[in-house]
2 protein chains.
Amino acid sequence: MQFFEDIEIGTLTRLGSHIFTEEEIVAFARAFDPQPFHLDAAAGARTHFGGLIASGWHVVAISARLRAQACAREHETLRREGRPVPRLGPSPGFKNLRWLRPVRPGDTLTFLSEVTAKKPSASRPEWGLVFTRETAAVPSGELALEFTNCVFVERLEG
Amino acid sequence: MQFFEDIEIGTLTRLGSHIFTEEEIVAFARAFDPQPFHLDAAAGARTHFGGLIASGWHVVAISARLRAQACAREHETLRREGRPVPRLGPSPGFKNLRWLRPVRPGDTLTFLSEVTAKKPSASRPEWGLVFTRETAAVPSGELALEFTNCVFVERLEG
């Protein structure tokens, strides 16, 4: 993220791609979402999913990681150019998260982030709120994940 | 979760409590949300957070785990009583997730799930949709996390 004033509506950032392996799907499920269809291919095959699927929270966590890494790269570029680096504030939350199709072992998802709106914070003059539409899609373009993200970003004039 | 027909609006389930240790906060951040204030106490101290705070996705992931474990306990009880066990379907997503206060090392959160609404699925007669209000609170009762969850639950008459 750049400073609030420099962020343009419509900017689309390709956060990166991720391959969901069976090993990783099962490891995440053991740690955070121990349901049969996330833990075991045979148990998944006996459900309407027809096999092992990734926890939706796993897909969201990978989205968070790629977003943090993209932000770190952008800040590193600003530093190299000798420009000031904005502080990133807390995220107040998310809206309307949708899991649109199952993610199975071997699936590659590509994560995008598009700036959809921004507004100065009413209560915190040094911060602005930036809204993004976050998506993850399989190679055909079909979405597996979609949600509206929101984060506080430092203002130049704050 | 019980069968769709047996689920009563207003039912409040105590999913459990969780202590967020510094070690676990950092481990989650390394894996899924590598931002300075989630990774390192000294780096966090230099931000407006004033110290290390847990990734919001970490808090959500613990909520998912406690929910899956509570569901497994409920299904185990049904099995012991010789009663049929409902299938749980996919979650289509959630709404309006809010992180309401930072979670710091040593904080204990208590997670609750309250059934707020249910309706038959329009497109899938064997399933119903159940909506819950999920919360996590510190011992004083102040909320750290709140969101509306939604899950498909098997119908007895499906």
# chains A, B, ... in the order shown; residues from 1 in each chain; ligands from 1

$ select_by_dssp --residues "chain B" --states "strand (DSSP E)" --output "NGL selection string"
:B and (12-19 or 93-99 or 108-120 or 127-137 or 143-154)

$ residues_around --residues "B:Gly51" --least-positions-apart "3" --cutoff "8 Å" --atoms "only C-alpha atoms" --output "number ranges by chain"
B: 37, 41-47, 104

$ interface_residues --of "chain B" --to "chain A" --cutoff "7 Å" --atoms "only C-alpha atoms" --output "PyMOL selection string"
chain B and resi 32-35+57+61-62+64-65+68+92-100

$ calpha_fit_and_write --fixed "chain B" --moving "chain A" --output "JSON list (two decimals) with C-alpha atoms, in the first residue's frame"
[["chain", "number", "residue", "atom", "x", "y", "z"],
["A", 1, "MET", "CA", -25.06, -29.02, 14.75],
["A", 2, "GLN", "CA", -28.22, -31.06, 14.90],
["A", 3, "PHE", "CA", -30.59, -31.62, 11.99],
["A", 4, "PHE", "CA", -32.01, -28.44, 10.51],
["A", 5, "GLU", "CA", -35.49, -29.04, 12.00],
["A", 6, "ASP", "CA", -34.08, -29.54, 15.53],
["A", 7, "ILE", "CA", -32.06, -26.34, 15.62],
["A", 8, "GLU", "CA", -33.71, -23.60, 17.69],
["A", 9, "ILE", "CA", -33.26, -19.89, 17.12],
["A", 10, "GLY", "CA", -31.58, -18.32, 20.14],
["A", 11, "THR", "CA", -29.56, -21.40, 21.10],
["A", 12, "LEU", "CA", -26.25, -20.21, 22.53],
["A", 13, "THR", "CA", -23.25, -22.57, 22.40],
["A", 14, "ARG", "CA", -20.09, -21.92, 24.38],
["A", 15, "LEU", "CA", -17.44, -23.15, 21.96],
["A", 16, "GLY", "CA", -14.56, -22.82, 24.43],
["A", 17, "SER", "CA", -11.72, -20.53, 25.45],
["A", 18, "HIS", "CA", -8.25, -20.05, 24.07],
["A", 19, "ILE", "CA", -5.11, -18.37, 25.44],
["A", 20, "PHE", "CA", -3.11, -16.58, 22.76],
["A", 21, "THR", "CA", 0.58, -17.06, 23.60],
["A", 22, "GLU", "CA", 3.37, -14.99, 22.09],
["A", 23, "GLU", "CA", 4.88, -18.13, 20.56],
["A", 24, "GLU", "CA", 1.63, -19.08, 18.85],
["A", 25, "ILE", "CA", 0.91, -15.53, 17.67],
["A", 26, "VAL", "CA", 4.34, -15.33, 16.02],
["A", 27, "ALA", "CA", 4.08, -18.84, 14.52],
["A", 28, "PHE", "CA", 0.73, -18.04, 12.90],
["A", 29, "ALA", "CA", 2.03, -14.72, 11.58],
["A", 30, "ARG", "CA", 5.12, -16.36, 10.06],
["A", 31, "ALA", "CA", 2.89, -18.87, 8.29],
["A", 32, "PHE", "CA", 0.03, -16.63, 7.19],
["A", 33, "ASP", "CA", 0.25, -12.93, 8.05],
["A", 34, "PRO", "CA", 3.86, -11.72, 8.12],
["A", 35, "GLN", "CA", 3.37, -8.11, 9.19],
["A", 36, "PRO", "CA", 5.82, -6.54, 11.67],
["A", 37, "PHE", "CA", 3.28, -6.02, 14.48],
["A", 38, "HIS", "CA", 2.28, -9.73, 14.30],
["A", 39, "LEU", "CA", 5.87, -11.04, 14.11],
["A", 40, "ASP", "CA", 7.91, -9.21, 16.68],
["A", 41, "ALA", "CA", 7.21, -7.48, 20.01],
["A", 42, "ALA", "CA", 9.88, -4.80, 19.45],
["A", 43, "ALA", "CA", 8.59, -4.02, 15.94],
["A", 44, "GLY", "CA", 5.04, -3.92, 17.31],
["A", 45, "ALA", "CA", 6.12, -1.49, 20.03],
["A", 46, "ARG", "CA", 7.16, 0.97, 17.32],
["A", 47, "THR", "CA", 3.65, 0.97, 15.81],
["A", 48, "HIS", "CA", 0.42, 2.50, 17.09],
["A", 49, "PHE", "CA", -0.44, -0.97, 18.49],
["A", 50, "GLY", "CA", 2.29, -0.52, 21.13],
["A", 51, "GLY", "CA", 3.36, -4.16, 21.02],
["A", 52, "LEU", "CA", 2.77, -7.57, 19.51],
["A", 53, "ILE", "CA", -0.80, -8.34, 18.46],
["A", 54, "ALA", "CA", -2.32, -11.49, 16.99],
["A", 55, "SER", "CA", -3.31, -11.56, 13.33],
["A", 56, "GLY", "CA", -7.05, -11.15, 13.01],
["A", 57, "TRP", "CA", -7.00, -14.24, 10.80],
["A", 58, "HIS", "CA", -5.41, -16.15, 13.68],
["A", 59, "VAL", "CA", -8.36, -15.25, 15.92],
["A", 60, "VAL", "CA", -10.77, -16.34, 13.16],
["A", 61, "ALA", "CA", -8.87, -19.63, 12.66],
["A", 62, "ILE", "CA", -9.15, -20.46, 16.37],
["A", 63, "SER", "CA", -12.87, -19.71, 16.13],
["A", 64, "ALA", "CA", -13.12, -22.20, 13.23],
["A", 65, "ARG", "CA", -11.24, -24.87, 15.18],
["A", 66, "LEU", "CA", -13.39, -24.50, 18.30],
["A", 67, "ARG", "CA", -16.54, -24.61, 16.14],
["A", 68, "ALA", "CA", -15.40, -27.80, 14.38],
["A", 69, "GLN", "CA", -14.52, -29.39, 17.73],
["A", 70, "ALA", "CA", -17.86, -28.42, 19.29],
["A", 71, "CYS", "CA", -19.66, -29.91, 16.29],
["A", 72, "ALA", "CA", -17.64, -33.14, 16.58],
["A", 73, "ARG", "CA", -18.55, -33.40, 20.29],
["A", 74, "GLU", "CA", -22.23, -32.88, 19.49],
["A", 75, "HIS", "CA", -22.13, -35.54, 16.76],
["A", 76, "GLU", "CA", -20.33, -37.94, 19.12],
["A", 77, "THR", "CA", -23.18, -37.48, 21.63],
["A", 78, "LEU", "CA", -25.76, -38.23, 18.92],
["A", 79, "ARG", "CA", -23.83, -41.38, 17.96],
["A", 80, "ARG", "CA", -23.61, -42.55, 21.58],
["A", 81, "GLU", "CA", -27.36, -42.08, 21.89],
["A", 82, "GLY", "CA", -27.90, -44.11, 18.72],
["A", 83, "ARG", "CA", -29.43, -41.14, 16.94],
["A", 84, "PRO", "CA", -28.77, -40.20, 13.31],
["A", 85, "VAL", "CA", -26.00, -37.68, 12.69],
["A", 86, "PRO", "CA", -26.70, -34.86, 10.23],
["A", 87, "ARG", "CA", -24.38, -34.12, 7.36],
["A", 88, "LEU", "CA", -22.87, -30.66, 7.42],
["A", 89, "GLY", "CA", -22.63, -28.97, 4.08],
["A", 90, "PRO", "CA", -20.37, -26.27, 2.78],
["A", 91, "SER", "CA", -20.39, -22.80, 4.22],
["A", 92, "PRO", "CA", -21.29, -20.37, 1.45],
["A", 93, "GLY", "CA", -19.49, -17.59, 3.31],
["A", 94, "PHE", "CA", -19.58, -14.96, 6.02],
["A", 95, "LYS", "CA", -20.83, -11.49, 6.55],
["A", 96, "ASN", "CA", -19.63, -8.41, 8.33],
["A", 97, "LEU", "CA", -16.63, -9.69, 10.20],
["A", 98, "ARG", "CA", -15.35, -7.14, 12.69],
["A", 99, "TRP", "CA", -12.11, -7.13, 14.64],
["A", 100, "LEU", "CA", -13.03, -4.92, 17.56],
["A", 101, "ARG", "CA", -9.89, -4.82, 19.71],
["A", 102, "PRO", "CA", -6.32, -6.07, 19.47],
["A", 103, "VAL", "CA", -5.52, -9.50, 20.89],
["A", 104, "ARG", "CA", -2.21, -9.51, 22.78],
["A", 105, "PRO", "CA", 0.03, -12.27, 24.19],
["A", 106, "GLY", "CA", -1.60, -13.79, 27.27],
["A", 107, "ASP", "CA", -5.13, -12.72, 26.32],
["A", 108, "THR", "CA", -7.80, -15.36, 26.87],
["A", 109, "LEU", "CA", -10.77, -15.22, 24.52],
["A", 110, "THR", "CA", -14.05, -17.05, 25.03],
["A", 111, "PHE", "CA", -15.87, -18.02, 21.84],
["A", 112, "LEU", "CA", -19.68, -18.18, 21.63],
["A", 113, "SER", "CA", -22.02, -19.13, 18.79],
["A", 114, "GLU", "CA", -25.67, -18.11, 18.81],
["A", 115, "VAL", "CA", -28.26, -19.32, 16.30],
["A", 116, "THR", "CA", -29.88, -16.20, 14.89],
["A", 117, "ALA", "CA", -31.89, -17.46, 11.89],
["A", 118, "LYS", "CA", -32.55, -20.45, 9.67],
["A", 119, "LYS", "CA", -34.29, -21.06, 6.36],
["A", 120, "PRO", "CA", -34.78, -23.94, 3.96],
["A", 121, "SER", "CA", -32.49, -23.81, 0.95],
["A", 122, "ALA", "CA", -34.40, -22.65, -2.12],
["A", 123, "SER", "CA", -32.31, -24.70, -4.53],
["A", 124, "ARG", "CA", -31.36, -27.77, -2.45],
["A", 125, "PRO", "CA", -34.36, -29.41, -0.77],
["A", 126, "GLU", "CA", -32.21, -31.72, 1.37],
["A", 127, "TRP", "CA", -30.40, -28.80, 2.99],
["A", 128, "GLY", "CA", -31.28, -25.83, 5.17],
["A", 129, "LEU", "CA", -29.25, -22.71, 5.87],
["A", 130, "VAL", "CA", -28.43, -21.86, 9.49],
["A", 131, "PHE", "CA", -27.12, -18.44, 10.47],
["A", 132, "THR", "CA", -25.13, -17.87, 13.64],
["A", 133, "ARG", "CA", -23.61, -14.86, 15.36],
["A", 134, "GLU", "CA", -20.05, -15.80, 16.29],
["A", 135, "THR", "CA", -18.22, -13.81, 18.95],
["A", 136, "ALA", "CA", -14.96, -13.88, 20.89],
["A", 137, "ALA", "CA", -14.64, -11.85, 24.08],
["A", 138, "VAL", "CA", -12.01, -11.05, 26.70],
["A", 139, "PRO", "CA", -12.90, -11.90, 30.35],
["A", 140, "SER", "CA", -14.47, -8.43, 30.91],
["A", 141, "GLY", "CA", -16.96, -9.33, 28.18],
["A", 142, "GLU", "CA", -15.58, -6.86, 25.66],
["A", 143, "LEU", "CA", -15.72, -8.32, 22.15],
["A", 144, "ALA", "CA", -12.58, -8.85, 20.07],
["A", 145, "LEU", "CA", -14.30, -10.59, 17.14],
["A", 146, "GLU", "CA", -17.82, -10.70, 15.75],
["A", 147, "PHE", "CA", -19.20, -12.09, 12.51],
["A", 148, "THR", "CA", -22.25, -13.72, 10.97],
["A", 149, "ASN", "CA", -21.66, -17.31, 9.99],
["A", 150, "CYS", "CA", -23.76, -19.36, 7.60],
["A", 151, "VAL", "CA", -23.69, -23.09, 6.98],
["A", 152, "PHE", "CA", -25.72, -25.70, 5.10],
["A", 153, "VAL", "CA", -27.25, -28.30, 7.47],
["A", 154, "GLU", "CA", -28.99, -31.50, 6.44],
["A", 155, "ARG", "CA", -32.79, -31.62, 6.73],
["A", 156, "LEU", "CA", -34.58, -34.55, 8.32],
["A", 157, "GLU", "CA", -37.30, -34.29, 5.73],
["A", 158, "GLY", "CA", -34.94, -33.60, 2.84]]

$ select_by_dssp --residues "stretch 44-87 of chain A" --states "alpha helix (DSSP H)" --output "list in words"
Gly44, Ala45, Gly56, Trp57, His58, Val59, Val60, Ala61, Ile62, Ser63, Ala64, Arg65, Leu66, Arg67, Ala68, Gln69, Ala70, Cys71, Ala72, Arg73, Glu74, His75, Glu76, Thr77, Leu78, Arg79 and Arg80 of chain A
